[in-house]
Amino acid sequence: MTGTPPTSVSAKLIDSTGNGVLLMSRYNVKETEAKWQNAWESQGCFTAREDASRPKYYVLEMFPYPSGRIHMGHVRNYTIGDVIARFKRAKGFNVLHPMGWDAFGLPAENAALEKKTHPATWTRENIATMRSQLKTMGLSIDWDREIATCDVEYYRHEQKMFLDFLKAGLAYRKESWVNWDPVDNTVLANEQVIDGRGWRTGALVEKRKLSQWFLKITAFAEDLLKGLETLDRWPERVRIMQENWIGKSTGVRFRFALKDRADTLEVFTTRPDTLFGASFAAISPNHPLAAELAASNPELAEFIAECNRLGTSEEAIETAEKRGFDTGLKVVHPFDSGLELPVYVANFVLMEYGTGAIFACPAHDQRDLDFARKYCLPVLPVVVPADADPATFTVGTEAYTGPGLLRNSRFLDGLDTESGKQEVGKKLEEAGQGERTTQYRLRDWGVSRQRYWGCPIPVIHCDSCGIVPVPADQLPVVLPEDVTFDKPGNPLAHHPSWKHTTCPDCGKPALRETDTFDTFIESSWYFARFCSPKEDSTAFTRESVDYWLGVDQYIGGIEHAVLHLLYSRFWTRALKTCGYLNLDEPFTGLFTQGMVNHETYKDADSGAWLAPTDLEKDDAGQWVRADSKAPVNVGRVEKMSKSKKNVVDPAHIIGTYGADAARLFMLSDSPPERDLEWTESGIDGAWRYINRLWRMMTETPVALPAAGSPKPAAFSPKAEAARRLVHKTIAGMSEDLDKFRFNKAVARVRELSNTLGELDGSGEGEAWALREGFESVVRLIGPMMPHLAEELWIELGHSGLLTDQPWPEADPALVVEDSVTMAVQVNGKLRATLELPRDMAKDAAEQVALADANVQRALEGKPVRKVIVVPNRVINVVV
RNA sequence: GCGGGCGUGGCGAAACAGGUAGACGCUAGGGACUUAAAAUCCCUCGCCGUUAGGCAUGCGGGUUCGAGUCCCGCCGCCCGCACCA
């Protein structure tokens, strides 16, 4: 480790001087930070109350999963949120800044297996640890509103919501294909399937058909898409990702007549204009027609089975060859009964999208072209680009997908692509064979999980009555804690008695649903629960959500760009439909922060990953193993992860340097949306700055005038300049914080402290200017380094909390300089800089510039053709 | 393949609206203080050049009095989605 930890610095000071006086003059982080954290808590500084007289501001960071200990990603996330919360508070907003725990989920069950602790115990212990760790960060959180989603007081309301959604037709049950791990006897999410195998067991994943609960997110597809346009305080890329995810496309749905059959084959296309270029139709291996034909065709059945074996992993899909099976069936072209197209079962046609069947025009679709070339099907170009010769235009190995003019298309000939689409749509509608429609890629949200540690789905399965919702007066359905983990599968299903109940309708014995909800459900409404966390009759009171929602500033990682953020937007709309609240968008402002990275290290011999704490620097400044002094290879800077051992424990950092230093580091240097590299020298730098501020304000060169002393009539030029910088910094920093430019804000306040450090306080008005400067710095750093700021506030002779002080106001007269440095260029090259009065007349500035010796030398006597003067900025002499 | 973003010193980065490129910090080097070290303070730090000056924002063009910033064409890196008909 480079540098010396501050604790040993203090210790050495005591050793060498033999007394503690010097230690007293140093900033004592540990005591100071604890002191102010206690003061804020005991005075209830951050307790939020509804107050119609003040503008509200709801700041929320994505709540953590209680995995055990906080990590640097949390520190970055909660530091950013806290700066905003404290800044808005100082600006006079009524701030709500709560915290809770996303407490259901799979890791707790894995811990139960590995460590033999109950998920509830493990979770509650983790919460206790992480709560106390978060408290050492000095966050301005209203802890009275803390919630944990695994508490029945929380999830009971979610069960009620689900039943209301069911009534409103927003929840339904259907059979669907899932990834099934045959060893664990459970469903796996797509991302838990690696190369076709379960991530934990390594078993080959099977596709299984299961009856599952779905939420009708597709009912809001259009609304979720439209809503994105209103989210002007969201990052562009998150909106684009959601837009792509919803995947709206317009086209035509129509029915082919099937030759020698009474039924029809329905397809969806976005390119009805290419209908005369069609050379085959294709259906998904999971299409009902395919199943029907396979029943009497073993070869086809084998082909379908093979397609389903191929798995759903991205790699499998990407590398899979286009393959098909000719069913022997033919469809009839809707506009020419003489034209017949073969029907293939093709492995690239998805049952889940559109109708599960397509018609293919190989000339204008790459995928269709690949297929057609493989099976020697015709390729007829029907769209010719505007700049191509229709007589010679052909398609080889690359399909033409752009716009153009239609040909070989009978009544469409000569039309452009767009008109052709409309024309075909119209004709099919007139014939009653099809209709123009909109299709979405978005699919309904499957929420059933065969897991224990989640919210029970409140329904009962009755042999006589079918699926019966648990009546509202019988809620909540409480998750039992007396379960065992000795058998594979869902412990809830193995519980001896829990699932046995009686049917609420007929009173006969019946079984409870043993699936639990996807844990994304809990995080879809927790922001609303924070508005009335103690309410037990309802999830939240109408008044509280009307007052606090939407969340003015939501902050979290980009990894939730689609799922959590889309689910929450859906859930909010569903709640609105059921009359819970009147709101469409839960998060009006969103900020996505970058990751925290660190260098990686490997043992030079074995190649094993090494942790930063395993290393030390040798005399030559090279990293070596601390134990064996063996050489170490320094690798790339990568996201902190356990597997690469490049994690730095925030608790250790906060214990050594304090929360303020950790917070300052998080805000310095890198813009918050970009990745940040954690370095030892960086945290050292933050620590040095904290001590510099402390010394500067506690060991002043002259006695400062008392707090609140009247402003002197005159200031020395140095004092005057310092005061201008003070007010410029106030103005600049306010803007920086509003725009999340924390790195610039830090740079500005450092620049100001550099300038104040140069004032010795002896000139006229300088002592007063110093106090003004110090007080401004303290107020400005308040949101970033709240403990140091409180302590310095006292040191400067104030009483009460800085936390209760308003944000400083810049004096507009001092923000603008009255002289400016202007650049003088000759032919665009800098030749001189001049200190000139602000807003000097153009011709006067020109005269001064031309008279300058450097300018004259650069002119070399050549005639001046033109002089361009940009007021207060630049003078360019053109020769 | 589609969509989005980004290329600036040894490093992280600044640069409002086309107007002094490199603020602020890290690293490094030199010096002061000290018996010594740590801490602290001072100085230097894009490249070449003694100065004058020249060259510099991934590369090549263009627009402009003036381009890191705007336009065109390349190159490289990162992220998201991906057989979506």
# chains A, B, ... in the order shown; residues from 1 in each chain; ligands from 1
$ interface_residues --of "chain A" --to "chain B" --cutoff "6 Å" --atoms "only C-alpha atoms (C1' of nucleotides)" --output "mmCIF file with all heavy atoms, in the first residue's frame"
data_model
loop_
_atom_site.group_PDB
_atom_site.id
_atom_site.type_symbol
_atom_site.label_atom_id
_atom_site.label_comp_id
_atom_site.auth_asym_id
_atom_site.auth_seq_id
_atom_site.Cartn_x
_atom_site.Cartn_y
_atom_site.Cartn_z
ATOM 1 N N THR A 269 -46.516 -9.760 -41.451
ATOM 2 C CA THR A 269 -45.379 -9.239 -42.213
ATOM 3 C C THR A 269 -45.301 -7.729 -42.099
ATOM 4 O O THR A 269 -46.328 -7.057 -41.978
ATOM 5 C CB THR A 269 -45.476 -9.616 -43.697
ATOM 6 O OG1 THR A 269 -44.347 -9.077 -44.384
ATOM 7 C CG2 THR A 269 -46.756 -9.093 -44.336
ATOM 8 N N PHE A 348 -35.872 -20.915 -37.603
ATOM 9 C CA PHE A 348 -35.685 -19.513 -37.219
ATOM 10 C C PHE A 348 -37.005 -18.782 -36.996
ATOM 11 O O PHE A 348 -37.001 -17.602 -36.674
ATOM 12 C CB PHE A 348 -34.815 -18.779 -38.264
ATOM 13 C CG PHE A 348 -35.424 -18.694 -39.640
ATOM 14 C CD1 PHE A 348 -36.289 -17.659 -39.947
ATOM 15 C CD2 PHE A 348 -35.126 -19.636 -40.607
ATOM 16 C CE1 PHE A 348 -36.839 -17.565 -41.216
ATOM 17 C CE2 PHE A 348 -35.678 -19.551 -41.870
ATOM 18 C CZ PHE A 348 -36.548 -18.514 -42.187
ATOM 19 N N ILE A 358 -44.687 -17.119 -41.186
ATOM 20 C CA ILE A 358 -44.305 -16.005 -42.064
ATOM 21 C C ILE A 358 -44.458 -16.404 -43.524
ATOM 22 O O ILE A 358 -44.567 -17.588 -43.852
ATOM 23 C CB ILE A 358 -42.824 -15.599 -41.854
ATOM 24 C CG1 ILE A 358 -41.884 -16.790 -42.171
ATOM 25 C CG2 ILE A 358 -42.599 -15.103 -40.444
ATOM 26 C CD1 ILE A 358 -40.445 -16.399 -42.370
ATOM 27 N N ASP A 669 -12.909 13.688 -9.960
ATOM 28 C CA ASP A 669 -12.253 13.197 -11.183
ATOM 29 C C ASP A 669 -13.169 12.668 -12.274
ATOM 30 O O ASP A 669 -13.240 13.234 -13.345
ATOM 31 C CB ASP A 669 -11.188 12.143 -10.867
ATOM 32 C CG ASP A 669 -10.050 12.723 -10.036
ATOM 33 O OD1 ASP A 669 -9.935 13.960 -10.009
ATOM 34 O OD2 ASP A 669 -9.309 11.960 -9.412
ATOM 35 N N ALA A 747 -13.623 20.184 -8.415
ATOM 36 C CA ALA A 747 -12.506 20.977 -8.965
ATOM 37 C C ALA A 747 -12.661 22.440 -8.606
ATOM 38 O O ALA A 747 -11.706 23.117 -8.230
ATOM 39 C CB ALA A 747 -12.439 20.798 -10.480
ATOM 40 N N ALA A 823 -7.480 37.176 -25.716
ATOM 41 C CA ALA A 823 -6.425 36.580 -26.532
ATOM 42 C C ALA A 823 -6.281 37.405 -27.807
ATOM 43 O O ALA A 823 -7.279 37.833 -28.388
ATOM 44 C CB ALA A 823 -6.794 35.150 -26.876
ATOM 45 N N GLY A 828 -5.097 33.695 -36.642
ATOM 46 C CA GLY A 828 -5.588 32.566 -35.861
ATOM 47 C C GLY A 828 -4.578 31.980 -34.892
ATOM 48 O O GLY A 828 -4.889 31.034 -34.177
ATOM 49 N N VAL A 874 -11.651 37.388 -27.769
ATOM 50 C CA VAL A 874 -10.529 37.250 -28.676
ATOM 51 C C VAL A 874 -10.475 38.400 -29.685
ATOM 52 O O VAL A 874 -11.507 38.971 -30.048
ATOM 53 C CB VAL A 874 -10.607 35.879 -29.384
ATOM 54 C CG1 VAL A 874 -11.667 35.863 -30.442
ATOM 55 C CG2 VAL A 874 -9.264 35.452 -29.937
#
$ select_by_dssp --residues "range 593-772 of chain A" --states "alpha helix (DSSP H)" --output "PyMOL selection string"
chain A and resi 650-657+659-667+680-698+717-738+742-757+766-772
$ closest_residue --among "A:Lys116, A:Glu299, A:Lys534, A:Gly589" --to "Glu236 in chain A" --atoms "only C-alpha atoms"
A:Gly589
$ select_by_dssp --residues "range 429-480 of chain A" --states "strand (DSSP E)" --output "list in words"
Gly434, Glu435, Arg436, Thr437, Thr438, Gln439, Tyr440, Trp445, Gly446, Ser448, Arg449, Val459, Ile460, His461, Cys462, Gly466, Ile467, Val468 and Pro469 of chain A
$ write_last_selection --atoms "C-alpha atoms" --output "mmCIF file, in the first residue's frame"
data_model
loop_
_atom_site.group_PDB
_atom_site.id
_atom_site.type_symbol
_atom_site.label_atom_id
_atom_site.label_comp_id
_atom_site.auth_asym_id
_atom_site.auth_seq_id
_atom_site.Cartn_x
_atom_site.Cartn_y
_atom_site.Cartn_z
ATOM 1 C CA GLY A 434 -56.289 -9.662 -43.470
ATOM 2 C CA GLU A 435 -55.839 -6.377 -41.687
ATOM 3 C CA ARG A 436 -53.175 -3.755 -41.103
ATOM 4 C CA THR A 437 -51.909 -4.136 -37.526
ATOM 5 C CA THR A 438 -49.220 -3.191 -35.065
ATOM 6 C CA GLN A 439 -47.017 -5.827 -33.532
ATOM 7 C CA TYR A 440 -44.831 -5.562 -30.421
ATOM 8 C CA TRP A 445 -44.287 -10.913 -17.869
ATOM 9 C CA GLY A 446 -44.077 -14.438 -16.455
ATOM 10 C CA SER A 448 -44.216 -17.580 -11.289
ATOM 11 C CA ARG A 449 -41.070 -18.919 -9.659
ATOM 12 C CA VAL A 459 -54.468 -18.365 -5.161
ATOM 13 C CA ILE A 460 -55.913 -21.769 -4.342
ATOM 14 C CA HIS A 461 -56.288 -24.728 -6.668
ATOM 15 C CA CYS A 462 -59.552 -26.552 -6.159
ATOM 16 C CA GLY A 466 -60.465 -24.534 -10.499
ATOM 17 C CA ILE A 467 -58.307 -21.589 -9.635
ATOM 18 C CA VAL A 468 -59.786 -19.526 -6.843
ATOM 19 C CA PRO A 469 -58.247 -16.262 -5.623
#
$ residues_around --residues "C42 in chain B" --least-positions-apart "4" --cutoff "12 Å" --atoms "only C-alpha atoms (C1' of nucleotides)" --output "list in words"
G30, G31, A32 and C33 of chain B
$ residues_around --residues "range 56-61 of chain B" --least-positions-apart "4" --cutoff "12 Å" --atoms "only C-alpha atoms (C1' of nucleotides)" --output "PyMOL selection string"
chain B and resi 6-9+15+21-22+46-48+67-69+71-77
$ write_last_selection --atoms "C-alpha atoms (C1' of nucleotides)" --output "short mmCIF file (atom, residue, chain, number, x, y, z; two decimals), in the first residue's frame"
data_model
loop_
_atom_site.label_atom_id
_atom_site.label_comp_id
_atom_site.auth_asym_id
_atom_site.auth_seq_id
_atom_site.Cartn_x
_atom_site.Cartn_y
_atom_site.Cartn_z
"C1'" C B 6 -16.52 7.42 -26.91
"C1'" G B 7 -11.21 8.56 -28.83
"C1'" U B 8 -7.62 15.28 -25.50
"C1'" G B 9 -0.50 14.92 -21.50
"C1'" A B 15 -12.81 23.48 -22.12
"C1'" A B 21 -6.44 23.46 -25.31
"C1'" G B 22 -5.00 20.77 -20.73
"C1'" G B 46 1.98 17.90 -23.56
"C1'" C B 47 6.19 17.26 -27.30
"C1'" C B 48 10.61 19.63 -29.91
"C1'" A B 67 -12.20 23.87 -35.24
"C1'" G B 68 -11.21 19.40 -29.45
"C1'" U B 69 -16.13 21.53 -30.73
"C1'" C B 71 -19.55 18.74 -42.11
"C1'" C B 72 -17.67 14.38 -45.21
"C1'" G B 73 -14.70 9.84 -45.34
"C1'" C B 74 -11.72 6.32 -42.67
"C1'" C B 75 -9.51 3.68 -38.14
"C1'" G B 76 -9.96 1.95 -33.14
"C1'" C B 77 -12.45 0.98 -28.45
#
$ atom_distance --atom1 "CA of Glu846 in chain A" --atom2 "CA of Lys866 in chain A"
10.5 Å
$ atom_distance --atom1 "CA of Val395 in chain A" --atom2 "CA of Pro362 in chain A"
9.0 Å
$ atom_distance --atom1 "CA of Ala257 in chain A" --atom2 "CA of Leu428 in chain A"
12.7 Å
$ closest_residue --among "A:Ile555, A:Asn297, A:Gly432, A:Val826" --to "Ile875 in chain A" --atoms "only C-alpha atoms"
A:Val826
$ residues_around --residues "Pro119 in chain A" --least-positions-apart "2" --cutoff "8 Å" --atoms "only C-alpha atoms (C1' of nucleotides)" --output "MDAnalysis selection string"
chainID A and resid 108:109 111:112 117 121:123 453
$ residues_around --residues "Trp180 in chain A" --least-positions-apart "5" --cutoff "8 Å" --atoms "only C-alpha atoms (C1' of nucleotides)" --output "PDB file with N, CA, C and O atoms, in the first residue's frame"
ATOM      1  N   ASN A 185     -34.729 -29.205  -9.935  1.00  0.00           N
ATOM      2  CA  ASN A 185     -36.185 -29.206 -10.083  1.00  0.00           C
ATOM      3  C   ASN A 185     -36.760 -27.796 -10.025  1.00  0.00           C
ATOM      4  O   ASN A 185     -37.686 -27.515  -9.274  1.00  0.00           O
ATOM      5  N   THR A 186     -36.210 -26.932 -10.807  1.00  0.00           N
ATOM      6  CA  THR A 186     -36.706 -25.568 -10.743  1.00  0.00           C
ATOM      7  C   THR A 186     -36.509 -24.854 -12.074  1.00  0.00           C
ATOM      8  O   THR A 186     -35.734 -25.293 -12.927  1.00  0.00           O
ATOM      9  N   VAL A 187     -37.239 -23.757 -12.222  1.00  0.00           N
ATOM     10  CA  VAL A 187     -37.135 -22.933 -13.428  1.00  0.00           C
ATOM     11  C   VAL A 187     -35.889 -22.069 -13.336  1.00  0.00           C
ATOM     12  O   VAL A 187     -35.521 -21.600 -12.272  1.00  0.00           O
ATOM     13  N   LEU A 188     -35.235 -21.876 -14.458  1.00  0.00           N
ATOM     14  CA  LEU A 188     -34.096 -20.963 -14.496  1.00  0.00           C
ATOM     15  C   LEU A 188     -34.434 -19.793 -15.418  1.00  0.00           C
ATOM     16  O   LEU A 188     -35.067 -19.975 -16.453  1.00  0.00           O
ATOM     17  N   VAL A 205     -30.092 -28.142 -19.565  1.00  0.00           N
ATOM     18  CA  VAL A 205     -31.390 -27.537 -19.304  1.00  0.00           C
ATOM     19  C   VAL A 205     -32.418 -28.071 -20.294  1.00  0.00           C
ATOM     20  O   VAL A 205     -32.140 -28.221 -21.478  1.00  0.00           O
ATOM     21  N   GLU A 206     -33.588 -28.371 -19.766  1.00  0.00           N
ATOM     22  CA  GLU A 206     -34.670 -28.850 -20.629  1.00  0.00           C
ATOM     23  C   GLU A 206     -35.665 -27.728 -20.856  1.00  0.00           C
ATOM     24  O   GLU A 206     -35.820 -26.844 -20.027  1.00  0.00           O
ATOM     25  N   LYS A 207     -36.356 -27.828 -21.992  1.00  0.00           N
ATOM     26  CA  LYS A 207     -37.484 -26.916 -22.199  1.00  0.00           C
ATOM     27  C   LYS A 207     -38.718 -27.649 -21.708  1.00  0.00           C
ATOM     28  O   LYS A 207     -38.959 -28.792 -22.097  1.00  0.00           O
ATOM     29  N   ARG A 208     -39.456 -27.003 -20.845  1.00  0.00           N
ATOM     30  CA  ARG A 208     -40.642 -27.649 -20.311  1.00  0.00           C
ATOM     31  C   ARG A 208     -41.813 -26.718 -20.455  1.00  0.00           C
ATOM     32  O   ARG A 208     -41.669 -25.507 -20.379  1.00  0.00           O
TER      33      ARG A 208
END
$ residues_around --residues "Ser409 in chain A" --least-positions-apart "4" --cutoff "9 Å" --atoms "only C-alpha atoms (C1' of nucleotides)" --output "list in words"
Asp273, Thr274, Leu275, Phe276, Gly277, Val382, Asp413 and Gly414 of chain A
$ decode --residues "range 830-868 of chain A" --atoms "N, CA and C atoms" --output "PDB file, in the first residue's frame"
ATOM      1  N   LEU A 830      -2.143  32.416 -31.569  1.00  0.00           N
ATOM      2  CA  LEU A 830      -2.044  33.242 -30.382  1.00  0.00           C
ATOM      3  C   LEU A 830      -0.698  33.963 -30.342  1.00  0.00           C
ATOM      4  N   ARG A 831      -0.730  35.290 -30.217  1.00  0.00           N
ATOM      5  CA  ARG A 831       0.517  36.058 -30.146  1.00  0.00           C
ATOM      6  C   ARG A 831       0.641  36.854 -28.861  1.00  0.00           C
ATOM      7  N   ALA A 832      -0.474  37.113 -28.219  1.00  0.00           N
ATOM      8  CA  ALA A 832      -0.403  37.893 -26.978  1.00  0.00           C
ATOM      9  C   ALA A 832      -1.701  37.730 -26.214  1.00  0.00           C
ATOM     10  N   THR A 833      -1.658  37.975 -24.912  1.00  0.00           N
ATOM     11  CA  THR A 833      -2.894  38.097 -24.147  1.00  0.00           C
ATOM     12  C   THR A 833      -2.884  39.467 -23.487  1.00  0.00           C
ATOM     13  N   LEU A 834      -4.048  40.096 -23.448  1.00  0.00           N
ATOM     14  CA  LEU A 834      -4.150  41.447 -22.900  1.00  0.00           C
ATOM     15  C   LEU A 834      -5.189  41.477 -21.791  1.00  0.00           C
ATOM     16  N   GLU A 835      -4.856  42.199 -20.731  1.00  0.00           N
ATOM     17  CA  GLU A 835      -5.805  42.412 -19.644  1.00  0.00           C
ATOM     18  C   GLU A 835      -6.567  43.694 -19.969  1.00  0.00           C
ATOM     19  N   LEU A 836      -7.844  43.578 -20.314  1.00  0.00           N
ATOM     20  CA  LEU A 836      -8.611  44.743 -20.754  1.00  0.00           C
ATOM     21  C   LEU A 836      -9.889  44.881 -19.944  1.00  0.00           C
ATOM     22  N   PRO A 837     -10.422  46.115 -19.864  1.00  0.00           N
ATOM     23  CA  PRO A 837     -11.694  46.283 -19.149  1.00  0.00           C
ATOM     24  C   PRO A 837     -12.802  45.484 -19.834  1.00  0.00           C
ATOM     25  N   ARG A 838     -13.739  45.012 -19.030  1.00  0.00           N
ATOM     26  CA  ARG A 838     -14.841  44.226 -19.572  1.00  0.00           C
ATOM     27  C   ARG A 838     -15.671  45.089 -20.534  1.00  0.00           C
ATOM     28  N   ASP A 839     -16.179  44.478 -21.575  1.00  0.00           N
ATOM     29  CA  ASP A 839     -17.043  45.126 -22.559  1.00  0.00           C
ATOM     30  C   ASP A 839     -16.399  46.351 -23.194  1.00  0.00           C
ATOM     31  N   MET A 840     -15.119  46.337 -23.416  1.00  0.00           N
ATOM     32  CA  MET A 840     -14.413  47.443 -24.058  1.00  0.00           C
ATOM     33  C   MET A 840     -14.903  47.575 -25.505  1.00  0.00           C
ATOM     34  N   ALA A 841     -14.956  48.805 -25.976  1.00  0.00           N
ATOM     35  CA  ALA A 841     -15.398  49.039 -27.351  1.00  0.00           C
ATOM     36  C   ALA A 841     -14.471  48.308 -28.317  1.00  0.00           C
ATOM     37  N   LYS A 842     -15.087  47.801 -29.401  1.00  0.00           N
ATOM     38  CA  LYS A 842     -14.323  46.980 -30.342  1.00  0.00           C
ATOM     39  C   LYS A 842     -13.114  47.706 -30.921  1.00  0.00           C
ATOM     40  N   ASP A 843     -13.360  48.960 -31.367  1.00  0.00           N
ATOM     41  CA  ASP A 843     -12.238  49.644 -32.022  1.00  0.00           C
ATOM     42  C   ASP A 843     -11.147  50.012 -31.023  1.00  0.00           C
ATOM     43  N   ALA A 844     -11.537  50.296 -29.805  1.00  0.00           N
ATOM     44  CA  ALA A 844     -10.536  50.606 -28.778  1.00  0.00           C
ATOM     45  C   ALA A 844      -9.689  49.365 -28.495  1.00  0.00           C
ATOM     46  N   ALA A 845     -10.355  48.204 -28.387  1.00  0.00           N
ATOM     47  CA  ALA A 845      -9.637  46.957 -28.139  1.00  0.00           C
ATOM     48  C   ALA A 845      -8.687  46.673 -29.294  1.00  0.00           C
ATOM     49  N   GLU A 846      -9.178  46.936 -30.506  1.00  0.00           N
ATOM     50  CA  GLU A 846      -8.359  46.716 -31.702  1.00  0.00           C
ATOM     51  C   GLU A 846      -7.085  47.557 -31.650  1.00  0.00           C
ATOM     52  N   GLN A 847      -7.227  48.843 -31.231  1.00  0.00           N
ATOM     53  CA  GLN A 847      -6.075  49.741 -31.145  1.00  0.00           C
ATOM     54  C   GLN A 847      -5.036  49.192 -30.173  1.00  0.00           C
ATOM     55  N   VAL A 848      -5.515  48.788 -28.998  1.00  0.00           N
ATOM     56  CA  VAL A 848      -4.587  48.283 -27.984  1.00  0.00           C
ATOM     57  C   VAL A 848      -3.866  47.035 -28.508  1.00  0.00           C
ATOM     58  N   ALA A 849      -4.622  46.168 -29.174  1.00  0.00           N
ATOM     59  CA  ALA A 849      -4.048  44.919 -29.666  1.00  0.00           C
ATOM     60  C   ALA A 849      -2.974  45.193 -30.705  1.00  0.00           C
ATOM     61  N   LEU A 850      -3.289  46.099 -31.631  1.00  0.00           N
ATOM     62  CA  LEU A 850      -2.337  46.396 -32.705  1.00  0.00           C
ATOM     63  C   LEU A 850      -1.075  47.060 -32.179  1.00  0.00           C
ATOM     64  N   ALA A 851      -1.216  47.743 -31.043  1.00  0.00           N
ATOM     65  CA  ALA A 851      -0.063  48.442 -30.479  1.00  0.00           C
ATOM     66  C   ALA A 851       0.885  47.488 -29.741  1.00  0.00           C
ATOM     67  N   ASP A 852       0.425  46.283 -29.461  1.00  0.00           N
ATOM     68  CA  ASP A 852       1.229  45.351 -28.677  1.00  0.00           C
ATOM     69  C   ASP A 852       2.489  44.915 -29.435  1.00  0.00           C
ATOM     70  N   ALA A 853       3.585  44.872 -28.693  1.00  0.00           N
ATOM     71  CA  ALA A 853       4.881  44.591 -29.321  1.00  0.00           C
ATOM     72  C   ALA A 853       4.913  43.200 -29.968  1.00  0.00           C
ATOM     73  N   ASN A 854       4.381  42.186 -29.273  1.00  0.00           N
ATOM     74  CA  ASN A 854       4.366  40.827 -29.822  1.00  0.00           C
ATOM     75  C   ASN A 854       3.548  40.748 -31.107  1.00  0.00           C
ATOM     76  N   VAL A 855       2.439  41.493 -31.094  1.00  0.00           N
ATOM     77  CA  VAL A 855       1.567  41.491 -32.267  1.00  0.00           C
ATOM     78  C   VAL A 855       2.304  42.141 -33.434  1.00  0.00           C
ATOM     79  N   GLN A 856       2.943  43.276 -33.141  1.00  0.00           N
ATOM     80  CA  GLN A 856       3.676  43.987 -34.195  1.00  0.00           C
ATOM     81  C   GLN A 856       4.757  43.098 -34.803  1.00  0.00           C
ATOM     82  N   ARG A 857       5.451  42.362 -33.934  1.00  0.00           N
ATOM     83  CA  ARG A 857       6.517  41.497 -34.437  1.00  0.00           C
ATOM     84  C   ARG A 857       5.938  40.405 -35.341  1.00  0.00           C
ATOM     85  N   ALA A 858       4.790  39.860 -34.935  1.00  0.00           N
ATOM     86  CA  ALA A 858       4.158  38.802 -35.718  1.00  0.00           C
ATOM     87  C   ALA A 858       3.644  39.327 -37.055  1.00  0.00           C
ATOM     88  N   LEU A 859       3.269  40.602 -37.070  1.00  0.00           N
ATOM     89  CA  LEU A 859       2.751  41.190 -38.315  1.00  0.00           C
ATOM     90  C   LEU A 859       3.857  41.342 -39.357  1.00  0.00           C
ATOM     91  N   GLU A 860       5.067  41.508 -38.894  1.00  0.00           N
ATOM     92  CA  GLU A 860       6.234  41.687 -39.774  1.00  0.00           C
ATOM     93  C   GLU A 860       5.985  42.764 -40.817  1.00  0.00           C
ATOM     94  N   GLY A 861       5.270  43.802 -40.435  1.00  0.00           N
ATOM     95  CA  GLY A 861       5.054  44.919 -41.328  1.00  0.00           C
ATOM     96  C   GLY A 861       4.044  44.686 -42.437  1.00  0.00           C
ATOM     97  N   LYS A 862       3.447  43.494 -42.459  1.00  0.00           N
ATOM     98  CA  LYS A 862       2.459  43.218 -43.508  1.00  0.00           C
ATOM     99  C   LYS A 862       1.184  44.024 -43.270  1.00  0.00           C
ATOM    100  N   PRO A 863       0.484  44.374 -44.327  1.00  0.00           N
ATOM    101  CA  PRO A 863      -0.737  45.181 -44.160  1.00  0.00           C
ATOM    102  C   PRO A 863      -1.853  44.370 -43.487  1.00  0.00           C
ATOM    103  N   VAL A 864      -2.567  45.010 -42.586  1.00  0.00           N
ATOM    104  CA  VAL A 864      -3.688  44.369 -41.895  1.00  0.00           C
ATOM    105  C   VAL A 864      -4.898  44.384 -42.807  1.00  0.00           C
ATOM    106  N   ARG A 865      -5.453  43.198 -43.082  1.00  0.00           N
ATOM    107  CA  ARG A 865      -6.611  43.136 -43.976  1.00  0.00           C
ATOM    108  C   ARG A 865      -7.917  43.304 -43.218  1.00  0.00           C
ATOM    109  N   LYS A 866      -7.955  42.721 -42.048  1.00  0.00           N
ATOM    110  CA  LYS A 866      -9.226  42.674 -41.308  1.00  0.00           C
ATOM    111  C   LYS A 866      -8.908  42.400 -39.843  1.00  0.00           C
ATOM    112  N   VAL A 867      -9.723  42.942 -38.939  1.00  0.00           N
ATOM    113  CA  VAL A 867      -9.566  42.612 -37.526  1.00  0.00           C
ATOM    114  C   VAL A 867     -10.926  42.162 -36.986  1.00  0.00           C
ATOM    115  N   ILE A 868     -10.941  40.966 -36.411  1.00  0.00           N
ATOM    116  CA  ILE A 868     -12.186  40.453 -35.839  1.00  0.00           C
ATOM    117  C   ILE A 868     -12.090  40.562 -34.320  1.00  0.00           C
TER     118      ILE A 868
END
